[in-house]
>>> print(open('data_15.txt').read())   # compact mmCIF, N, CA and C atoms
# COMPACT_ATOMS: atom_id res chain seq x y z
N MET A 637 5.06 0.27 -23.45
CA MET A 637 3.91 0.25 -24.31
C MET A 637 3.04 -0.95 -23.96
N ALA A 638 1.76 -0.78 -24.05
CA ALA A 638 0.81 -1.83 -23.70
C ALA A 638 0.75 -2.88 -24.81
N GLU A 639 0.52 -4.11 -24.42
CA GLU A 639 0.41 -5.22 -25.35
C GLU A 639 -1.07 -5.45 -25.65
N THR A 640 -1.39 -5.60 -26.95
CA THR A 640 -2.77 -5.84 -27.36
C THR A 640 -2.92 -7.31 -27.74
N ILE A 641 -3.93 -7.98 -27.17
CA ILE A 641 -4.19 -9.38 -27.50
C ILE A 641 -5.67 -9.55 -27.83
N LYS A 642 -5.98 -10.58 -28.60
CA LYS A 642 -7.37 -10.85 -28.96
C LYS A 642 -7.85 -12.08 -28.19
N ILE A 643 -9.01 -11.94 -27.56
CA ILE A 643 -9.64 -13.03 -26.83
C ILE A 643 -11.09 -13.10 -27.29
N ASN A 644 -11.47 -14.24 -27.90
CA ASN A 644 -12.85 -14.43 -28.38
C ASN A 644 -13.35 -13.24 -29.20
N LYS A 645 -12.58 -12.87 -30.21
CA LYS A 645 -12.91 -11.78 -31.14
C LYS A 645 -12.96 -10.40 -30.48
N ARG A 646 -12.48 -10.30 -29.27
CA ARG A 646 -12.42 -9.01 -28.56
C ARG A 646 -10.97 -8.61 -28.38
N THR A 647 -10.69 -7.36 -28.54
CA THR A 647 -9.34 -6.86 -28.33
C THR A 647 -9.20 -6.41 -26.88
N VAL A 648 -8.20 -6.95 -26.23
CA VAL A 648 -7.95 -6.63 -24.82
C VAL A 648 -6.56 -6.00 -24.74
N VAL A 649 -6.48 -4.88 -24.05
CA VAL A 649 -5.19 -4.23 -23.88
C VAL A 649 -4.61 -4.67 -22.54
N LYS A 650 -3.44 -5.27 -22.62
CA LYS A 650 -2.76 -5.73 -21.41
C LYS A 650 -1.67 -4.71 -21.07
N LYS A 651 -1.79 -4.09 -19.90
CA LYS A 651 -0.82 -3.07 -19.51
C LYS A 651 0.53 -3.72 -19.20
N GLN A 652 1.57 -3.01 -19.57
CA GLN A 652 2.91 -3.47 -19.24
C GLN A 652 3.22 -3.06 -17.80
N LYS A 653 3.82 -3.96 -17.06
CA LYS A 653 4.18 -3.68 -15.67
C LYS A 653 5.13 -2.49 -15.61
N PRO A 654 4.94 -1.61 -14.63
CA PRO A 654 5.84 -0.46 -14.51
C PRO A 654 7.24 -0.91 -14.09
N ASP A 655 8.24 -0.21 -14.58
CA ASP A 655 9.62 -0.50 -14.23
C ASP A 655 9.96 0.29 -12.97
N LEU A 656 9.72 -0.33 -11.82
CA LEU A 656 9.93 0.34 -10.54
C LEU A 656 11.36 0.15 -10.04
N SER A 657 11.79 0.98 -9.11
CA SER A 657 13.13 0.88 -8.53
C SER A 657 13.37 -0.53 -8.01
N LYS A 658 14.50 -1.11 -8.37
CA LYS A 658 14.82 -2.50 -8.03
C LYS A 658 14.91 -2.73 -6.52
N TYR A 659 15.40 -1.75 -5.78
CA TYR A 659 15.59 -1.93 -4.33
C TYR A 659 14.27 -2.12 -3.58
N LEU A 660 13.16 -1.72 -4.18
CA LEU A 660 11.86 -1.87 -3.51
C LEU A 660 11.49 -3.33 -3.27
N PHE A 661 11.97 -4.20 -4.15
CA PHE A 661 11.60 -5.61 -4.08
C PHE A 661 12.85 -6.49 -4.03
N TRP A 662 13.77 -6.11 -3.16
CA TRP A 662 15.03 -6.83 -3.01
C TRP A 662 14.83 -8.27 -2.56
N ASP A 663 13.73 -8.53 -1.91
CA ASP A 663 13.53 -9.83 -1.26
C ASP A 663 12.64 -10.80 -2.03
N ILE A 664 12.19 -10.42 -3.21
CA ILE A 664 11.30 -11.29 -3.98
C ILE A 664 11.71 -11.32 -5.45
N ASN A 665 11.23 -12.32 -6.16
CA ASN A 665 11.46 -12.43 -7.60
C ASN A 665 10.39 -11.59 -8.30
N THR A 666 10.79 -10.46 -8.85
CA THR A 666 9.82 -9.54 -9.45
C THR A 666 9.20 -10.10 -10.73
N ARG A 667 9.87 -11.03 -11.37
CA ARG A 667 9.28 -11.62 -12.59
C ARG A 667 8.04 -12.44 -12.26
N LYS A 668 7.96 -12.96 -11.04
CA LYS A 668 6.81 -13.75 -10.63
C LYS A 668 5.76 -12.94 -9.87
N LEU A 669 6.04 -11.66 -9.63
CA LEU A 669 5.14 -10.81 -8.86
C LEU A 669 3.89 -10.49 -9.69
N ASP A 670 2.73 -10.83 -9.16
CA ASP A 670 1.44 -10.57 -9.82
C ASP A 670 0.98 -9.17 -9.41
N TYR A 671 1.01 -8.25 -10.35
CA TYR A 671 0.69 -6.85 -10.07
C TYR A 671 -0.79 -6.63 -9.79
N GLU A 672 -1.63 -7.57 -10.14
CA GLU A 672 -3.06 -7.43 -9.88
C GLU A 672 -3.43 -7.93 -8.47
N SER A 673 -3.05 -9.15 -8.16
CA SER A 673 -3.43 -9.72 -6.87
C SER A 673 -2.60 -9.17 -5.71
N ARG A 674 -1.43 -8.62 -5.99
CA ARG A 674 -0.55 -8.09 -4.93
C ARG A 674 -0.45 -6.57 -4.96
N ALA A 675 -1.48 -5.92 -5.46
CA ALA A 675 -1.45 -4.46 -5.63
C ALA A 675 -1.19 -3.73 -4.31
N SER A 676 -1.85 -4.10 -3.23
CA SER A 676 -1.65 -3.37 -1.98
C SER A 676 -0.21 -3.54 -1.46
N PHE A 677 0.37 -4.71 -1.65
CA PHE A 677 1.76 -4.94 -1.27
C PHE A 677 2.70 -4.04 -2.08
N ILE A 678 2.48 -3.99 -3.39
CA ILE A 678 3.32 -3.16 -4.27
C ILE A 678 3.18 -1.69 -3.90
N LEU A 679 1.95 -1.24 -3.70
CA LEU A 679 1.72 0.16 -3.36
C LEU A 679 2.33 0.51 -2.01
N GLU A 680 2.25 -0.40 -1.05
CA GLU A 680 2.86 -0.17 0.26
C GLU A 680 4.36 0.07 0.12
N ARG A 681 5.02 -0.76 -0.67
CA ARG A 681 6.46 -0.60 -0.88
C ARG A 681 6.77 0.71 -1.60
N VAL A 682 6.01 1.03 -2.63
CA VAL A 682 6.26 2.24 -3.40
C VAL A 682 6.06 3.49 -2.55
N PHE A 683 4.96 3.56 -1.82
CA PHE A 683 4.68 4.77 -1.05
C PHE A 683 5.55 4.91 0.20
N THR A 684 6.01 3.81 0.79
CA THR A 684 6.85 3.93 1.98
C THR A 684 8.33 4.06 1.67
N MET A 685 8.79 3.46 0.56
CA MET A 685 10.23 3.46 0.29
C MET A 685 10.61 3.94 -1.10
N GLY A 686 9.64 4.21 -1.96
CA GLY A 686 9.93 4.52 -3.35
C GLY A 686 10.29 5.96 -3.62
N MET A 687 10.73 6.18 -4.85
CA MET A 687 11.04 7.51 -5.34
C MET A 687 9.77 8.12 -5.94
N GLN A 688 9.80 9.42 -6.18
CA GLN A 688 8.65 10.10 -6.79
C GLN A 688 8.30 9.48 -8.15
N GLU A 689 9.31 9.09 -8.91
CA GLU A 689 9.08 8.46 -10.22
C GLU A 689 8.32 7.14 -10.08
N ASP A 690 8.61 6.39 -9.02
CA ASP A 690 7.90 5.14 -8.78
C ASP A 690 6.42 5.41 -8.52
N GLU A 691 6.15 6.47 -7.77
CA GLU A 691 4.76 6.82 -7.49
C GLU A 691 4.03 7.19 -8.78
N TRP A 692 4.67 7.98 -9.62
CA TRP A 692 4.04 8.36 -10.89
C TRP A 692 3.74 7.13 -11.74
N LYS A 693 4.66 6.18 -11.72
CA LYS A 693 4.48 4.96 -12.52
C LYS A 693 3.31 4.11 -12.02
N VAL A 694 3.15 3.99 -10.70
CA VAL A 694 2.02 3.20 -10.21
C VAL A 694 0.69 3.94 -10.41
N ILE A 695 0.71 5.26 -10.37
CA ILE A 695 -0.51 6.02 -10.66
C ILE A 695 -0.91 5.79 -12.11
N GLU A 696 0.06 5.80 -13.00
CA GLU A 696 -0.23 5.55 -14.42
C GLU A 696 -0.72 4.12 -14.64
N TYR A 697 -0.14 3.17 -13.94
CA TYR A 697 -0.50 1.76 -14.12
C TYR A 697 -1.86 1.43 -13.50
N TYR A 698 -2.05 1.79 -12.24
CA TYR A 698 -3.27 1.42 -11.52
C TYR A 698 -4.39 2.45 -11.65
N GLY A 699 -4.03 3.71 -11.75
CA GLY A 699 -5.03 4.78 -11.73
C GLY A 699 -5.35 5.16 -10.29
N LYS A 700 -5.77 6.40 -10.10
CA LYS A 700 -6.00 6.90 -8.73
C LYS A 700 -7.13 6.18 -8.02
N GLU A 701 -8.17 5.81 -8.73
CA GLU A 701 -9.31 5.15 -8.07
C GLU A 701 -8.91 3.77 -7.54
N ARG A 702 -8.15 3.01 -8.32
CA ARG A 702 -7.69 1.70 -7.86
C ARG A 702 -6.76 1.85 -6.67
N ILE A 703 -5.90 2.85 -6.73
CA ILE A 703 -4.97 3.10 -5.62
C ILE A 703 -5.76 3.41 -4.35
N ARG A 704 -6.79 4.23 -4.46
CA ARG A 704 -7.63 4.55 -3.30
C ARG A 704 -8.21 3.29 -2.68
N LYS A 705 -8.62 2.34 -3.50
CA LYS A 705 -9.22 1.10 -3.00
C LYS A 705 -8.18 0.18 -2.36
N GLU A 706 -6.96 0.21 -2.87
CA GLU A 706 -5.93 -0.72 -2.42
C GLU A 706 -5.15 -0.25 -1.19
N VAL A 707 -4.83 1.05 -1.12
CA VAL A 707 -3.95 1.51 -0.04
C VAL A 707 -4.58 1.37 1.34
N VAL A 708 -5.89 1.35 1.41
CA VAL A 708 -6.52 1.17 2.73
C VAL A 708 -6.25 -0.22 3.29
N ASN A 709 -5.82 -1.16 2.44
CA ASN A 709 -5.52 -2.52 2.88
C ASN A 709 -4.04 -2.72 3.22
N CYS A 710 -3.23 -1.69 3.08
CA CYS A 710 -1.81 -1.80 3.44
C CYS A 710 -1.69 -2.00 4.94
N LYS A 711 -0.87 -2.96 5.33
CA LYS A 711 -0.79 -3.35 6.74
C LYS A 711 0.29 -2.62 7.54
N ALA A 712 1.26 -2.01 6.84
CA ALA A 712 2.38 -1.41 7.58
C ALA A 712 2.80 -0.08 6.97
N LEU A 713 1.96 0.92 7.08
CA LEU A 713 2.33 2.26 6.63
C LEU A 713 2.81 3.07 7.83
N ASP A 714 3.91 3.79 7.64
CA ASP A 714 4.36 4.68 8.73
C ASP A 714 3.41 5.88 8.79
N LYS A 715 3.48 6.65 9.86
CA LYS A 715 2.54 7.75 10.09
C LYS A 715 2.62 8.81 9.00
N LYS A 716 3.83 9.10 8.54
CA LYS A 716 4.02 10.13 7.51
C LYS A 716 3.35 9.69 6.20
N THR A 717 3.56 8.45 5.81
CA THR A 717 2.96 7.94 4.58
C THR A 717 1.45 7.85 4.70
N LEU A 718 0.97 7.41 5.85
CA LEU A 718 -0.47 7.34 6.09
C LEU A 718 -1.10 8.72 5.96
N ASN A 719 -0.49 9.73 6.57
CA ASN A 719 -1.01 11.10 6.46
C ASN A 719 -1.01 11.58 5.01
N TYR A 720 0.08 11.33 4.30
CA TYR A 720 0.17 11.74 2.90
C TYR A 720 -0.95 11.10 2.07
N LEU A 721 -1.11 9.78 2.19
CA LEU A 721 -2.14 9.08 1.41
C LEU A 721 -3.54 9.55 1.81
N SER A 722 -3.75 9.77 3.09
CA SER A 722 -5.04 10.24 3.56
C SER A 722 -5.40 11.60 2.95
N ILE A 723 -4.44 12.49 2.92
CA ILE A 723 -4.69 13.84 2.38
C ILE A 723 -4.76 13.82 0.86
N PHE A 724 -3.77 13.23 0.20
CA PHE A 724 -3.69 13.26 -1.26
C PHE A 724 -4.86 12.54 -1.92
N TYR A 725 -5.24 11.39 -1.36
CA TYR A 725 -6.33 10.60 -1.95
C TYR A 725 -7.68 10.83 -1.26
N GLU A 726 -7.71 11.76 -0.31
CA GLU A 726 -8.93 12.14 0.40
C GLU A 726 -9.64 10.92 1.01
N ILE A 727 -8.86 10.17 1.80
CA ILE A 727 -9.36 8.99 2.49
C ILE A 727 -9.23 9.23 3.99
N PRO A 728 -10.31 9.13 4.75
CA PRO A 728 -10.19 9.28 6.21
C PRO A 728 -9.23 8.22 6.78
N LYS A 729 -8.41 8.61 7.72
CA LYS A 729 -7.43 7.70 8.32
C LYS A 729 -8.09 6.45 8.89
N GLU A 730 -9.28 6.60 9.41
CA GLU A 730 -9.97 5.48 10.04
C GLU A 730 -10.28 4.34 9.06
N GLU A 731 -10.22 4.62 7.76
CA GLU A 731 -10.47 3.58 6.77
C GLU A 731 -9.25 2.70 6.51
N PHE A 732 -8.08 3.12 6.96
CA PHE A 732 -6.85 2.35 6.74
C PHE A 732 -6.74 1.25 7.79
N ILE A 733 -6.47 0.04 7.35
CA ILE A 733 -6.29 -1.09 8.27
C ILE A 733 -5.16 -0.82 9.25
N CYS A 734 -4.06 -0.28 8.75
CA CYS A 734 -2.90 -0.05 9.63
C CYS A 734 -3.21 1.00 10.69
N TYR A 735 -4.05 1.96 10.40
CA TYR A 735 -4.43 2.97 11.40
C TYR A 735 -5.29 2.34 12.48
N ARG A 736 -6.28 1.55 12.08
CA ARG A 736 -7.15 0.89 13.06
C ARG A 736 -6.35 -0.07 13.93
N LYS A 737 -5.41 -0.79 13.33
CA LYS A 737 -4.57 -1.72 14.07
C LYS A 737 -3.71 -0.97 15.08
N ASP A 738 -3.15 0.16 14.69
CA ASP A 738 -2.30 0.96 15.56
C ASP A 738 -3.11 1.52 16.73
N VAL A 739 -4.29 2.01 16.45
CA VAL A 739 -5.16 2.54 17.52
C VAL A 739 -5.53 1.42 18.49
N PHE A 740 -5.85 0.25 17.97
CA PHE A 740 -6.20 -0.89 18.83
C PHE A 740 -5.02 -1.26 19.73
N GLN A 741 -3.81 -1.32 19.16
CA GLN A 741 -2.64 -1.69 19.95
C GLN A 741 -2.37 -0.66 21.05
N LYS A 742 -2.55 0.62 20.74
CA LYS A 742 -2.33 1.65 21.77
C LYS A 742 -3.36 1.52 22.89
N ARG A 743 -4.61 1.27 22.54
CA ARG A 743 -5.65 1.11 23.56
C ARG A 743 -5.38 -0.11 24.43
N THR A 744 -4.94 -1.20 23.81
CA THR A 744 -4.63 -2.41 24.55
C THR A 744 -3.46 -2.17 25.50
N ALA A 745 -2.44 -1.46 25.03
CA ALA A 745 -1.28 -1.16 25.87
C ALA A 745 -1.68 -0.26 27.03
N ASP A 746 -2.54 0.73 26.77
CA ASP A 746 -3.01 1.61 27.85
C ASP A 746 -3.78 0.82 28.90
N THR A 747 -4.61 -0.09 28.46
CA THR A 747 -5.39 -0.92 29.37
C THR A 747 -4.46 -1.76 30.24
N ARG A 748 -3.48 -2.35 29.61
CA ARG A 748 -2.53 -3.18 30.37
C ARG A 748 -1.78 -2.34 31.40
N ASN A 749 -1.39 -1.14 31.01
CA ASN A 749 -0.66 -0.27 31.93
C ASN A 749 -1.52 0.11 33.14
N ASN A 750 -2.79 0.29 32.94
CA ASN A 750 -3.68 0.65 34.05
C ASN A 750 -3.90 -0.53 34.99
N GLU A 751 -3.75 -1.75 34.50
CA GLU A 751 -3.99 -2.92 35.32
C GLU A 751 -2.78 -3.32 36.17
N VAL A 752 -1.63 -2.82 35.79
CA VAL A 752 -0.42 -3.17 36.52
C VAL A 752 -0.37 -2.37 37.83
N PRO A 753 -0.23 -3.04 38.96
CA PRO A 753 -0.19 -2.31 40.22
C PRO A 753 1.10 -1.50 40.34
N GLU A 754 0.98 -0.37 40.98
CA GLU A 754 2.14 0.49 41.16
C GLU A 754 3.06 -0.12 42.22
N THR A 755 4.33 -0.01 41.97
CA THR A 755 5.32 -0.50 42.95
C THR A 755 6.06 0.70 43.53
N THR A 756 6.37 0.61 44.77
CA THR A 756 7.12 1.70 45.42
C THR A 756 8.53 1.23 45.68
N PRO A 757 9.48 2.09 45.48
CA PRO A 757 10.90 1.69 45.70
C PRO A 757 11.24 1.50 47.15
>>> encode(input="data_15.txt", output="structure tokens")
Amino acid sequence: MAETIKINKRTVVKKQKPDLSKYLFWDINTRKLDYESRASFILERVFTMGMQEDEWKVIEYYGKERIRKEVVNCKALDKKTLNYLSIFYEIPKEEFICYRKDVFQKRTADTRNNEVPETTP
């Protein structure tokens, strides 16, 4: 349930953090995890390693529009997750940082391979 607080005579609803699968954040202290400033990190973990219930919880917490804005900043999405997010959220793959990085690395590797002289046995 959301917590309601008053700030300068205004009522502000503070969302409660979703209770996500514990194994997603085995390496960090989740009590100190800022769900606002680290949204793309949280979404990356949920979409690459989470359960369906975790996905539903982050959709409820962040909303689809916020998720659309954040997932493009994920740095390490596997191809399957990238395709899923691209299709489900209707985002062209080229907008994802991890896609552009992957394409750049492949082009760089191809260039290097062309520059290496062929050796004969």
>>> select_by_dssp(input="data_15.txt", residues="stretch 639-741 of chain A", states="helix (DSSP H, G or I)", output="ChimeraX atom specification")
/A:658-661,666-668,675-685,688-698,700-707,715-724,729-731,733-741
>>> atom_distance(input="data_15.txt", atom1="atom N of A:Asp670", atom2="atom N of A:Ile733")
21.8 Å
>>> residues_around(input="data_15.txt", residues="stretch 672-677 of chain A", least_positions_apart="5", cutoff="6.5 Å", atoms="only N, CA and C atoms", output="PyMOL selection string")
chain A and resi 682+706-707+709-710
>>> residues_around(input="data_15.txt", residues="stretch 718-731 of chain A", least_positions_apart="4", cutoff="7 Å", atoms="only N, CA and C atoms", output="PyMOL selection string")
chain A and resi 704+708-709+713-714+735-736
>>> atom_distance(input="data_15.txt", atom1="atom CA of A:Tyr697", atom2="atom CA of A:Lys651")
7.2 Å
>>> closest_residue(input="data_15.txt", among="A:Leu656, A:Ile678, A:Leu669, A:Met685", to="A:Ile703", atoms="only C-alpha atoms")
A:Ile678
>>> atom_distance(input="data_15.txt", atom1="atom CA of A:Lys693", atom2="atom CA of A:Cys734")
23.9 Å
